[in-house]
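Structure below is run07.cif: mmCIF, C-alpha atoms and all ligand atoms.
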data_my_file
#
loop_
_atom_site.group_PDB
_atom_site.id
_atom_site.type_symbol
_atom_site.label_atom_id
_atom_site.label_comp_id
_atom_site.auth_asym_id
_atom_site.auth_seq_id
_atom_site.Cartn_x
_atom_site.Cartn_y
_atom_site.Cartn_z
ATOM 1 C CA MET A 25 -10.233 24.932 5.335
ATOM 2 C CA VAL A 26 -10.008 22.476 2.469
ATOM 3 C CA LEU A 27 -8.685 23.754 -0.832
ATOM 4 C CA ALA A 28 -9.111 22.385 -4.310
ATOM 5 C CA ALA A 29 -6.269 19.960 -5.056
ATOM 6 C CA SER A 30 -4.967 22.093 -7.902
ATOM 7 C CA SER A 31 -4.549 25.173 -5.702
ATOM 8 C CA LEU A 32 -2.650 23.519 -2.863
ATOM 9 C CA GLY A 33 0.867 24.741 -2.240
ATOM 10 C CA PRO A 34 3.633 22.246 -1.445
ATOM 11 C CA ALA A 35 3.428 22.715 2.319
ATOM 12 C CA ALA A 36 -0.342 22.297 2.363
ATOM 13 C CA GLN A 37 -0.143 19.202 0.192
ATOM 14 C CA VAL A 38 2.441 17.622 2.445
ATOM 15 C CA ALA A 39 0.383 18.506 5.526
ATOM 16 C CA LEU A 40 -2.740 16.918 4.066
ATOM 17 C CA LEU A 41 -0.906 13.902 2.767
ATOM 18 C CA LEU A 42 0.676 13.357 6.167
ATOM 19 C CA LYS A 43 -2.779 12.401 7.320
ATOM 20 C CA GLU A 44 -2.902 9.623 4.772
ATOM 21 C CA TYR A 45 0.704 8.545 4.506
ATOM 22 C CA GLY A 46 1.803 8.817 8.101
ATOM 23 C CA THR A 47 5.240 10.373 7.850
ATOM 24 C CA LEU A 48 6.834 13.389 6.265
ATOM 25 C CA ARG A 49 9.087 11.241 4.120
ATOM 26 C CA ALA A 50 6.216 9.175 2.714
ATOM 27 C CA ALA A 51 4.014 12.227 2.155
ATOM 28 C CA ALA A 52 6.863 14.105 0.526
ATOM 29 C CA ASP A 53 7.642 11.199 -1.785
ATOM 30 C CA ARG A 54 4.002 11.110 -2.795
ATOM 31 C CA VAL A 55 3.918 14.731 -3.959
ATOM 32 C CA HIS A 56 7.379 14.566 -5.428
ATOM 33 C CA THR A 57 6.095 14.675 -8.978
ATOM 34 C CA LEU A 58 4.003 17.754 -8.266
ATOM 35 C CA VAL A 59 6.415 19.835 -6.237
ATOM 36 C CA THR A 60 10.125 20.112 -5.567
ATOM 37 C CA ALA A 61 11.092 17.503 -3.006
ATOM 38 C CA PRO A 62 11.592 19.125 0.403
ATOM 39 C CA ALA A 63 15.208 19.473 1.501
ATOM 40 C CA ASN A 64 14.756 17.159 4.487
ATOM 41 C CA VAL A 65 14.062 14.054 2.370
ATOM 42 C CA PRO A 66 17.356 12.191 2.590
ATOM 43 C CA ALA A 67 18.965 11.697 -0.799
ATOM 44 C CA PRO A 68 20.035 8.136 -1.604
ATOM 45 C CA ARG A 69 23.773 7.567 -1.298
ATOM 46 C CA GLU A 70 24.008 6.208 -4.790
ATOM 47 C CA VAL A 71 20.968 5.837 -6.983
ATOM 48 C CA LEU A 72 20.612 2.524 -8.801
ATOM 49 C CA GLU A 73 18.195 1.581 -11.560
ATOM 50 C CA VAL A 74 15.269 -0.573 -10.499
ATOM 51 C CA ALA A 75 14.753 -3.534 -12.849
ATOM 52 C CA ASP A 76 11.692 -3.623 -15.081
ATOM 53 C CA ARG A 77 9.086 -6.083 -13.875
ATOM 54 C CA PRO A 78 10.474 -5.810 -10.343
ATOM 55 C CA GLU A 79 10.029 -8.280 -7.559
ATOM 56 C CA VAL A 80 10.090 -7.393 -3.871
ATOM 57 C CA VAL A 81 12.479 -9.235 -1.584
ATOM 58 C CA PHE A 82 12.579 -9.111 2.213
ATOM 59 C CA GLU A 83 15.911 -10.520 3.417
ATOM 60 C CA ASP A 84 16.214 -11.359 7.103
ATOM 61 C CA VAL A 85 14.531 -8.094 8.095
ATOM 62 C CA ARG A 86 14.735 -7.068 11.725
ATOM 63 C CA PHE A 87 13.043 -4.062 13.262
ATOM 64 C CA ARG A 88 12.152 -2.454 16.554
ATOM 65 C CA TYR A 89 10.207 0.802 16.832
ATOM 66 C CA THR A 90 12.289 2.145 19.706
ATOM 67 C CA PRO A 91 15.878 1.289 20.703
ATOM 68 C CA ASP A 92 14.808 -0.354 23.962
ATOM 69 C CA GLY A 93 11.464 -1.676 22.680
ATOM 70 C CA PRO A 94 10.735 -5.259 21.647
ATOM 71 C CA GLU A 95 11.957 -6.604 18.327
ATOM 72 C CA VAL A 96 8.798 -6.520 16.220
ATOM 73 C CA LEU A 97 10.267 -8.217 13.124
ATOM 74 C CA ARG A 98 12.745 -10.959 13.922
ATOM 75 C CA GLY A 99 14.401 -12.021 10.704
ATOM 76 C CA VAL A 100 11.584 -11.856 8.168
ATOM 77 C CA SER A 101 12.321 -13.152 4.647
ATOM 78 C CA PHE A 102 9.887 -13.558 1.762
ATOM 79 C CA ARG A 103 9.484 -12.632 -1.912
ATOM 80 C CA VAL A 104 6.743 -11.042 -3.962
ATOM 81 C CA PRO A 105 7.456 -12.085 -7.556
ATOM 82 C CA TYR A 106 6.406 -9.832 -10.408
ATOM 83 C CA GLY A 107 2.933 -10.730 -11.695
ATOM 84 C CA LYS A 108 1.988 -12.454 -8.436
ATOM 85 C CA THR A 109 -0.118 -11.571 -5.415
ATOM 86 C CA VAL A 110 1.301 -12.434 -2.019
ATOM 87 C CA ALA A 111 -0.962 -12.277 1.046
ATOM 88 C CA LEU A 112 0.521 -11.392 4.419
ATOM 89 C CA VAL A 113 -1.576 -12.945 7.140
ATOM 90 C CA GLY A 114 -1.295 -13.302 10.883
ATOM 91 C CA ALA A 115 -2.902 -12.426 14.176
ATOM 92 C CA SER A 116 -3.137 -8.842 15.339
ATOM 93 C CA GLY A 117 0.324 -7.611 16.285
ATOM 94 C CA ALA A 118 2.168 -10.254 14.230
ATOM 95 C CA GLY A 119 3.948 -7.543 12.207
ATOM 96 C CA LYS A 120 1.991 -7.284 8.943
ATOM 97 C CA SER A 121 1.601 -3.506 8.924
ATOM 98 C CA THR A 122 5.198 -3.096 10.036
ATOM 99 C CA CYS A 123 6.375 -5.008 6.934
ATOM 100 C CA VAL A 124 4.364 -2.638 4.754
ATOM 101 C CA SER A 125 5.637 0.435 6.603
ATOM 102 C CA LEU A 126 9.202 -0.706 5.982
ATOM 103 C CA LEU A 127 8.507 -1.388 2.297
ATOM 104 C CA LEU A 128 7.199 2.167 1.980
ATOM 105 C CA ARG A 129 10.228 3.421 3.954
ATOM 106 C CA TYR A 130 8.188 5.013 6.691
ATOM 107 C CA TRP A 131 10.927 3.383 8.729
ATOM 108 C CA ASP A 132 14.168 1.595 7.854
ATOM 109 C CA PRO A 133 15.030 -1.903 9.153
ATOM 110 C CA ASP A 134 17.606 -2.377 11.920
ATOM 111 C CA GLY A 135 18.899 -5.496 10.203
ATOM 112 C CA GLY A 136 18.560 -7.262 6.876
ATOM 113 C CA ARG A 137 17.328 -5.444 3.792
ATOM 114 C CA ILE A 138 14.438 -4.948 1.436
ATOM 115 C CA LEU A 139 14.989 -4.884 -2.321
ATOM 116 C CA VAL A 140 12.724 -3.773 -5.151
ATOM 117 C CA GLY A 141 13.799 -4.833 -8.611
ATOM 118 C CA GLY A 142 17.176 -5.896 -7.227
ATOM 119 C CA VAL A 143 17.904 -2.547 -5.555
ATOM 120 C CA PRO A 144 17.970 -2.007 -1.763
ATOM 121 C CA LEU A 145 15.373 0.622 -0.806
ATOM 122 C CA PRO A 146 17.843 3.303 0.342
ATOM 123 C CA ARG A 147 19.379 3.262 -3.153
ATOM 124 C CA ILE A 148 16.084 4.020 -4.913
ATOM 125 C CA ALA A 149 15.678 7.699 -5.730
ATOM 126 C CA ASP A 150 11.919 7.989 -6.007
ATOM 127 C CA LEU A 151 10.473 4.985 -4.278
ATOM 128 C CA HIS A 152 6.884 5.995 -4.884
ATOM 129 C CA ARG A 153 7.410 5.780 -8.611
ATOM 130 C CA HIS A 154 7.985 2.070 -8.037
ATOM 131 C CA VAL A 155 5.861 1.234 -5.002
ATOM 132 C CA THR A 156 2.367 2.513 -4.358
ATOM 133 C CA VAL A 157 -0.118 1.793 -1.620
ATOM 134 C CA VAL A 158 -3.888 1.555 -1.508
ATOM 135 C CA PRO A 159 -4.562 2.638 2.073
ATOM 136 C CA GLN A 160 -7.460 1.378 4.147
ATOM 137 C CA ASP A 161 -9.033 4.787 4.286
ATOM 138 C CA VAL A 162 -8.374 7.152 1.427
ATOM 139 C CA HIS A 163 -8.219 10.898 1.953
ATOM 140 C CA LEU A 164 -10.203 12.773 -0.680
ATOM 141 C CA PHE A 165 -9.512 16.419 -1.411
ATOM 142 C CA ALA A 166 -12.315 18.835 -2.226
ATOM 143 C CA GLY A 167 -12.006 18.753 -5.985
ATOM 144 C CA THR A 168 -12.956 16.665 -8.960
ATOM 145 C CA ILE A 169 -12.598 12.917 -9.168
ATOM 146 C CA GLU A 170 -9.982 13.487 -11.834
ATOM 147 C CA GLN A 171 -7.911 15.768 -9.565
ATOM 148 C CA ASN A 172 -8.200 13.243 -6.784
ATOM 149 C CA VAL A 173 -7.043 10.381 -8.964
ATOM 150 C CA ARG A 174 -4.300 12.349 -10.694
ATOM 151 C CA LEU A 175 -2.707 13.310 -7.384
ATOM 152 C CA GLY A 176 0.996 12.654 -7.540
ATOM 153 C CA ALA A 177 0.850 11.468 -11.144
ATOM 154 C CA PRO A 178 0.404 14.446 -13.483
ATOM 155 C CA GLY A 179 0.806 12.341 -16.627
ATOM 156 C CA ALA A 180 -1.670 9.723 -15.465
ATOM 157 C CA ASP A 181 -4.237 8.146 -17.735
ATOM 158 C CA VAL A 182 -7.130 8.896 -15.390
ATOM 159 C CA ALA A 183 -9.810 7.378 -17.640
ATOM 160 C CA SER A 184 -7.976 4.069 -17.778
ATOM 161 C CA ALA A 185 -7.336 4.071 -14.002
ATOM 162 C CA LEU A 186 -11.041 4.709 -13.375
ATOM 163 C CA ARG A 187 -12.009 1.930 -15.762
ATOM 164 C CA VAL A 188 -9.723 -0.637 -14.186
ATOM 165 C CA ALA A 189 -10.883 0.485 -10.743
ATOM 166 C CA GLN A 190 -14.464 -0.119 -11.940
ATOM 167 C CA LEU A 191 -15.469 3.400 -11.062
ATOM 168 C CA ALA A 192 -18.102 4.348 -13.606
ATOM 169 C CA ILE A 193 -18.272 7.964 -12.512
ATOM 170 C CA ASP A 194 -17.961 11.357 -14.177
ATOM 171 C CA PRO A 195 -14.305 12.457 -13.734
ATOM 172 C CA GLU A 196 -15.546 16.054 -13.466
ATOM 173 C CA LEU A 197 -17.741 15.251 -10.474
ATOM 174 C CA VAL A 198 -16.711 17.377 -7.498
ATOM 175 C CA VAL A 199 -16.269 15.464 -4.252
ATOM 176 C CA GLY A 200 -15.416 16.419 -0.700
ATOM 177 C CA GLU A 201 -16.565 19.458 1.205
ATOM 178 C CA ARG A 202 -18.027 21.252 -1.784
ATOM 179 C CA GLY A 203 -19.376 18.269 -3.662
ATOM 180 C CA VAL A 204 -21.011 14.896 -3.411
ATOM 181 C CA THR A 205 -20.230 12.317 -0.789
ATOM 182 C CA LEU A 206 -19.012 9.015 -2.165
ATOM 183 C CA SER A 207 -20.021 5.679 -0.723
ATOM 184 C CA GLY A 208 -17.449 3.565 1.082
ATOM 185 C CA GLY A 209 -17.141 1.315 -1.954
ATOM 186 C CA GLN A 210 -16.632 4.241 -4.312
ATOM 187 C CA ARG A 211 -14.003 5.758 -2.017
ATOM 188 C CA ALA A 212 -12.177 2.447 -1.913
ATOM 189 C CA ARG A 213 -12.161 2.359 -5.701
ATOM 190 C CA VAL A 214 -10.896 5.953 -5.922
ATOM 191 C CA ALA A 215 -8.004 4.756 -3.769
ATOM 192 C CA VAL A 216 -7.356 1.929 -6.220
ATOM 193 C CA ALA A 217 -7.586 4.298 -9.202
ATOM 194 C CA ARG A 218 -5.163 6.723 -7.546
ATOM 195 C CA ALA A 219 -2.651 3.958 -6.952
ATOM 196 C CA LEU A 220 -3.005 2.653 -10.511
ATOM 197 C CA ALA A 221 -2.611 6.139 -11.947
ATOM 198 C CA THR A 222 0.901 6.364 -10.520
ATOM 199 C CA GLY A 223 1.916 3.510 -12.835
ATOM 200 C CA ALA A 224 4.033 2.006 -10.038
ATOM 201 C CA PRO A 225 4.663 -1.711 -10.684
ATOM 202 C CA VAL A 226 4.581 -2.704 -7.012
ATOM 203 C CA LEU A 227 1.160 -2.460 -5.418
ATOM 204 C CA VAL A 228 0.611 -2.670 -1.680
ATOM 205 C CA LEU A 229 -2.913 -3.189 -0.421
ATOM 206 C CA ASP A 230 -3.952 -2.777 3.136
ATOM 207 C CA GLU A 231 -7.211 -4.610 2.919
ATOM 208 C CA ALA A 232 -9.965 -2.701 4.607
ATOM 209 C CA VAL A 233 -11.686 -4.508 7.403
ATOM 210 C CA ALA A 234 -14.617 -2.165 6.859
ATOM 211 C CA ASN A 235 -17.730 -3.925 5.748
ATOM 212 C CA LEU A 236 -18.641 -3.124 2.179
ATOM 213 C CA ASP A 237 -21.916 -4.401 0.826
ATOM 214 C CA THR A 238 -21.677 -7.483 -1.365
ATOM 215 C CA ASP A 239 -21.972 -5.604 -4.630
ATOM 216 C CA ASN A 240 -19.291 -3.066 -3.713
ATOM 217 C CA GLU A 241 -17.004 -5.734 -2.368
ATOM 218 C CA ALA A 242 -17.356 -7.843 -5.519
ATOM 219 C CA ARG A 243 -16.494 -4.837 -7.677
ATOM 220 C CA LEU A 244 -13.528 -3.915 -5.531
ATOM 221 C CA VAL A 245 -12.234 -7.461 -5.720
ATOM 222 C CA GLU A 246 -12.556 -7.486 -9.520
ATOM 223 C CA ALA A 247 -10.813 -4.122 -9.730
ATOM 224 C CA LEU A 248 -7.962 -5.337 -7.579
ATOM 225 C CA GLN A 249 -7.577 -8.506 -9.585
ATOM 226 C CA GLU A 250 -7.249 -6.538 -12.778
ATOM 227 C CA ALA A 251 -4.883 -4.103 -11.069
ATOM 228 C CA ALA A 252 -2.684 -6.954 -9.867
ATOM 229 C CA ALA A 253 -2.044 -8.245 -13.385
ATOM 230 C CA GLY A 254 1.325 -6.958 -14.500
ATOM 231 C CA ARG A 255 2.382 -5.911 -11.004
ATOM 232 C CA ALA A 256 3.931 -7.372 -7.890
ATOM 233 C CA THR A 257 1.191 -7.163 -5.275
ATOM 234 C CA LEU A 258 1.531 -7.475 -1.506
ATOM 235 C CA VAL A 259 -1.734 -7.494 0.387
ATOM 236 C CA ILE A 260 -2.348 -7.413 4.110
ATOM 237 C CA ALA A 261 -5.239 -9.798 3.947
ATOM 238 C CA HIS A 262 -8.147 -9.817 6.349
ATOM 239 C CA ARG A 263 -10.634 -11.678 4.187
ATOM 240 C CA LEU A 264 -10.515 -15.372 3.543
ATOM 241 C CA SER A 265 -11.644 -14.733 -0.036
ATOM 242 C CA THR A 266 -8.510 -12.652 -0.666
ATOM 243 C CA ILE A 267 -6.274 -15.331 0.759
ATOM 244 C CA ARG A 268 -7.861 -18.007 -1.398
ATOM 245 C CA ARG A 269 -7.141 -15.922 -4.499
ATOM 246 C CA ALA A 270 -3.554 -15.071 -3.576
ATOM 247 C CA ASP A 271 -0.758 -16.903 -5.394
ATOM 248 C CA HIS A 272 1.234 -17.290 -2.207
ATOM 249 C CA ILE A 273 0.600 -16.778 1.491
ATOM 250 C CA VAL A 274 3.085 -15.676 4.137
ATOM 251 C CA LEU A 275 1.958 -16.386 7.696
ATOM 252 C CA LEU A 276 3.542 -14.126 10.304
ATOM 253 C CA GLU A 277 3.615 -15.046 13.967
ATOM 254 C CA GLU A 278 5.250 -12.764 16.519
ATOM 255 C CA GLY A 279 7.507 -11.127 13.981
ATOM 256 C CA ARG A 280 8.651 -14.273 12.206
ATOM 257 C CA VAL A 281 7.520 -16.133 9.111
ATOM 258 C CA ALA A 282 5.841 -19.146 10.696
ATOM 259 C CA ALA A 283 4.826 -20.761 7.400
ATOM 260 C CA GLU A 284 4.372 -19.953 3.738
ATOM 261 C CA GLY A 285 2.781 -21.652 0.788
ATOM 262 C CA SER A 286 -0.458 -21.947 -1.133
ATOM 263 C CA TYR A 287 -3.885 -21.746 0.443
ATOM 264 C CA ALA A 288 -4.272 -25.509 0.037
ATOM 265 C CA GLU A 289 -1.026 -26.050 1.924
ATOM 266 C CA LEU A 290 -1.806 -23.641 4.732
ATOM 267 C CA SER A 291 -5.585 -23.748 5.073
ATOM 268 C CA GLU A 292 -5.571 -25.779 8.274
ATOM 269 C CA ARG A 293 -3.016 -23.524 9.909
ATOM 270 C CA LEU A 294 -4.960 -20.445 8.875
ATOM 271 C CA SER A 295 -8.410 -21.613 9.918
ATOM 272 C CA HIS A 296 -8.276 -20.072 13.410
ATOM 273 C CA LEU A 297 -7.599 -16.630 11.903
ATOM 274 C CA PHE A 298 -10.753 -16.558 9.833
ATOM 275 C CA VAL A 299 -13.357 -18.095 12.080
ATOM 276 C CA GLY A 300 -16.853 -17.284 10.880
ATOM 277 C CA GLN A 301 -15.871 -16.204 7.370
ATOM 278 C CA PRO A 302 -17.497 -18.102 4.486
HETATM 279 N N1 LIG A 401 4.314 2.996 15.919
HETATM 280 C C1 LIG A 401 4.569 1.977 16.740
HETATM 281 N N2 LIG A 401 5.319 2.148 17.843
HETATM 282 C C2 LIG A 401 5.594 1.115 18.686
HETATM 283 N N3 LIG A 401 5.129 -0.142 18.490
HETATM 284 C C3 LIG A 401 4.360 -0.371 17.433
HETATM 285 C C4 LIG A 401 4.032 0.667 16.498
HETATM 286 N N4 LIG A 401 3.255 0.138 15.524
HETATM 287 C C5 LIG A 401 3.102 -1.162 15.841
HETATM 288 N N5 LIG A 401 3.768 -1.470 16.973
HETATM 289 C C6 LIG A 401 3.860 -2.794 17.592
HETATM 290 O O1 LIG A 401 4.513 -3.661 16.662
HETATM 291 C C7 LIG A 401 3.913 -4.962 16.719
HETATM 292 C C8 LIG A 401 3.482 -5.327 15.308
HETATM 293 O O2 LIG A 401 2.440 -4.453 14.918
HETATM 294 P P1 LIG A 401 1.805 -4.443 13.465
HETATM 295 O O3 LIG A 401 0.868 -3.283 13.415
HETATM 296 O O4 LIG A 401 2.865 -4.540 12.458
HETATM 297 O O5 LIG A 401 0.973 -5.805 13.500
HETATM 298 P P2 LIG A 401 -0.165 -6.309 12.519
HETATM 299 O O6 LIG A 401 0.134 -7.735 12.262
HETATM 300 O O7 LIG A 401 -0.261 -5.403 11.346
HETATM 301 O O8 LIG A 401 -1.470 -6.172 13.418
HETATM 302 P P3 LIG A 401 -2.973 -5.719 13.003
HETATM 303 O O9 LIG A 401 -3.570 -6.869 12.255
HETATM 304 O O10 LIG A 401 -3.629 -5.523 14.347
HETATM 305 O O11 LIG A 401 -2.881 -4.456 12.228
HETATM 306 C C9 LIG A 401 2.786 -4.891 17.717
HETATM 307 O O12 LIG A 401 3.264 -5.389 18.944
HETATM 308 C C10 LIG A 401 2.497 -3.421 17.835
HETATM 309 O O13 LIG A 401 2.016 -3.103 19.115
#
Could you render the structure as structure tokens?
Amino acid sequence: MVLAASSLGPAAQVALLLKEYGTLRAAADRVHTLVTAPANVPAPREVLEVADRPEVVFEDVRFRYTPDGPEVLRGVSFRVPYGKTVALVGASGAGKSTCVSLLLRYWDPDGGRILVGGVPLPRIADLHRHVTVVPQDVHLFAGTIEQNVRLGAPGADVASALRVAQLAIDPELVVGERGVTLSGGQRARVAVARALATGAPVLVLDEAVANLDTDNEARLVEALQEAAAGRATLVIAHRLSTIRRADHIVLLEEGRVAAEGSYAELSERLSHLFVGQP
């Protein structure tokens, strides 16, 4: 049974959000502003203030999913400056999604550290106030567009988030089980609006591989460009067009940074990854 977003209790919200955010900690962080944080979310040892206009720094990050499994990140270092868009690229299995999972603290690194606004992640009290993700596939609750966008951000300026996300749609429109079905492009833009509504200055985009039609893709791209202004944006890039627009590109190969630079500097090295794309 799907309930209206406004009537969900904490446990139900966490259960539903688990579907989208993968782990209890991430889901719990996401609903933190709506409900009391569950007791099993570890409290930071000592909370430090994240700088305004934060940048993201990966410092020699090492990670393996299981103690006897392979090292998936083998000393990864890069920066996402405030106001810039950094594209993470690499072949399947290179470690792109793992970097994002660590930035969202779905997992913690085995070595090195990740800082946001000068503060190591474990010292940040409410990470999702600072870092927000636009997932590949957004989960929509049965409820209005406004409820869906406001999720996790009660004080959000929904109208402004919808405008920036280029979603010219009635905020009172009911979606999900009891309402209209949105197109793939509209769903993607609800995801953008939801992320913007949190006001978090670090934006993480897991670029959908799904094929949007040209019109929807163009609108999504415009929305994301506007969203990226005044934020630090890290995008797992699958489209050549995204990589061309990025300020900086980090190429991952087998868990290491193999190269980084501008598109002009890396285009030859990247060409095999984007065969067939205009
Ligand atoms: N939950 C997990 N448990 C164990 N190993 C995993 C897990 N998730 C990913 N891996 C492994 O970690 C390595 C890096 O995977 P990751 O998903 O970060 O790569 P990626 O660059 O994002 O690839 P893709 O473009 O296919 O999404 C791969 O070898 C993958 O099999």
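Distances to A:Leu290 were evaluated for A:Val199, A:Val96, A:Val155, A:Ala111 using all atoms listed in the file, and the minimum falls at A:Ala111.
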Legend entry - atom CA of A:Val173 to atom CA of A:Ala215, distance in Å rounded to a single decimal: 7.7 Å
Legend entry - Nearby residues, ligand LIG 401 (chain A), 10 Å, only C-alpha atoms and all ligand atoms, as a PyMOL selection string: chain A and resi 87-90+93-97+112-126+131+230+233+260-262+275-279
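The two atoms in question, atom CA of A:His296 and atom CA of A:Gln160, are spaced 23.4 Å apart.
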Given the PyMOL selection byres (((chain A and resi 246) around 12) and not hetatm), the residues it picks as a PDB file with C-alpha atoms, keeping the file's coordinate frame:
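Contents of the output file expr_10.pdb:
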ATOM      1  CA  ARG A 187     -12.009   1.930 -15.762  1.00  0.00           C
ATOM      2  CA  VAL A 188      -9.723  -0.637 -14.186  1.00  0.00           C
ATOM      3  CA  ALA A 189     -10.883   0.485 -10.743  1.00  0.00           C
ATOM      4  CA  GLN A 190     -14.464  -0.119 -11.940  1.00  0.00           C
ATOM      5  CA  LEU A 191     -15.469   3.400 -11.062  1.00  0.00           C
ATOM      6  CA  ARG A 213     -12.161   2.359  -5.701  1.00  0.00           C
ATOM      7  CA  VAL A 216      -7.356   1.929  -6.220  1.00  0.00           C
ATOM      8  CA  ASP A 239     -21.972  -5.604  -4.630  1.00  0.00           C
ATOM      9  CA  ASN A 240     -19.291  -3.066  -3.713  1.00  0.00           C
ATOM     10  CA  GLU A 241     -17.004  -5.734  -2.368  1.00  0.00           C
ATOM     11  CA  ALA A 242     -17.356  -7.843  -5.519  1.00  0.00           C
ATOM     12  CA  ARG A 243     -16.494  -4.837  -7.677  1.00  0.00           C
ATOM     13  CA  LEU A 244     -13.528  -3.915  -5.531  1.00  0.00           C
ATOM     14  CA  VAL A 245     -12.234  -7.461  -5.720  1.00  0.00           C
ATOM     15  CA  ALA A 247     -10.813  -4.122  -9.730  1.00  0.00           C
ATOM     16  CA  LEU A 248      -7.962  -5.337  -7.579  1.00  0.00           C
ATOM     17  CA  GLN A 249      -7.577  -8.506  -9.585  1.00  0.00           C
ATOM     18  CA  GLU A 250      -7.249  -6.538 -12.778  1.00  0.00           C
ATOM     19  CA  ALA A 251      -4.883  -4.103 -11.069  1.00  0.00           C
ATOM     20  CA  ALA A 252      -2.684  -6.954  -9.867  1.00  0.00           C
ATOM     21  CA  ALA A 253      -2.044  -8.245 -13.385  1.00  0.00           C
ATOM     22  CA  SER A 265     -11.644 -14.733  -0.036  1.00  0.00           C
ATOM     23  CA  THR A 266      -8.510 -12.652  -0.666  1.00  0.00           C
ATOM     24  CA  ARG A 269      -7.141 -15.922  -4.499  1.00  0.00           C
TER      25      ARG A 269
END
Legend entry - Hits from the PyMOL selection byres (((chain A and resi 273) around 6) and not hetatm), listed as a ChimeraX atom specification: /A:110-111,272,274,284-286
Inset, instruction - Give me the residues within 8 Å of A:Gly135 as a ChimeraX atom specification, counting all atoms listed in the file and dropping any in the same chain fewer than 4 places off. - result: /A:84-87,99
Legend entry - Atom-to-atom span, atom CA of A:Val74 and atom CA of A:Arg137, Å: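 For atom CA of A:Val74 relative to atom CA of A:Arg137, the distance reads 15.2 Å.
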Inset, instruction - Identify which of the residues A:Val157, A:Ala288, A:Ile267, A:Leu127 lies closest to A:Ala219, counting all atoms listed in the file when measuring atom-to-atom distances. - result: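 Answer, going by the shortest atom-to-atom distance: A:Val157.
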Inset, instruction - Give the answer as one residue: which of A:Pro225, A:Gly167, A:Pro91, A:Pro195 has the shortest atom-to-atom distance to A:Ala75, using all atoms listed in the file? - result: A:Pro225
Inset, instruction - Between A:Arg174, A:Arg263, A:Arg153, A:Arg280, single out the one closest to A:Val299, counting all atoms listed in the file. - result: A:Arg263
Inset, instruction - Might you spell out which residues the PyMOL selection byres (((chain A and resi 144-152) around 6) and not hetatm) would select in the displayed file, as a PyMOL selection string? - result: chain A and resi 68+70-72+138-139+143+153-156
Legend entry - Given all atoms listed in the file as the counted atoms, nearest of A:Ala183, A:Asp271, A:Leu264, A:Gln171 to A:Phe298: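 Under the stated criterion, the closest residue is A:Leu264.
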Inset, instruction - Extract, using only C-alpha atoms, all DNA, RNA and protein residues at most 12 Å from A:Ser207, discarding same-chain residues fewer than 2 positions from it, and format them as a count of residues only. - result: 17
Inset, instruction - Determine the nearest neighbour of A:Val198 from the options A:Phe82, A:Arg255, A:Thr238, A:Ala166, counting only C-alpha atoms. - result: A:Ala166
For stretch 269-272 of chain A, take all atoms listed in the file, fit an axis-aligned box around them, add 8 Å to each of the six sides, then output centre and edge lengths in Å rounded to one decimal, as JSON.
{"center_x": -3.0, "center_y": -16.2, "center_z": -3.8, "size_x": 24.4, "size_y": 18.2, "size_z": 19.2}
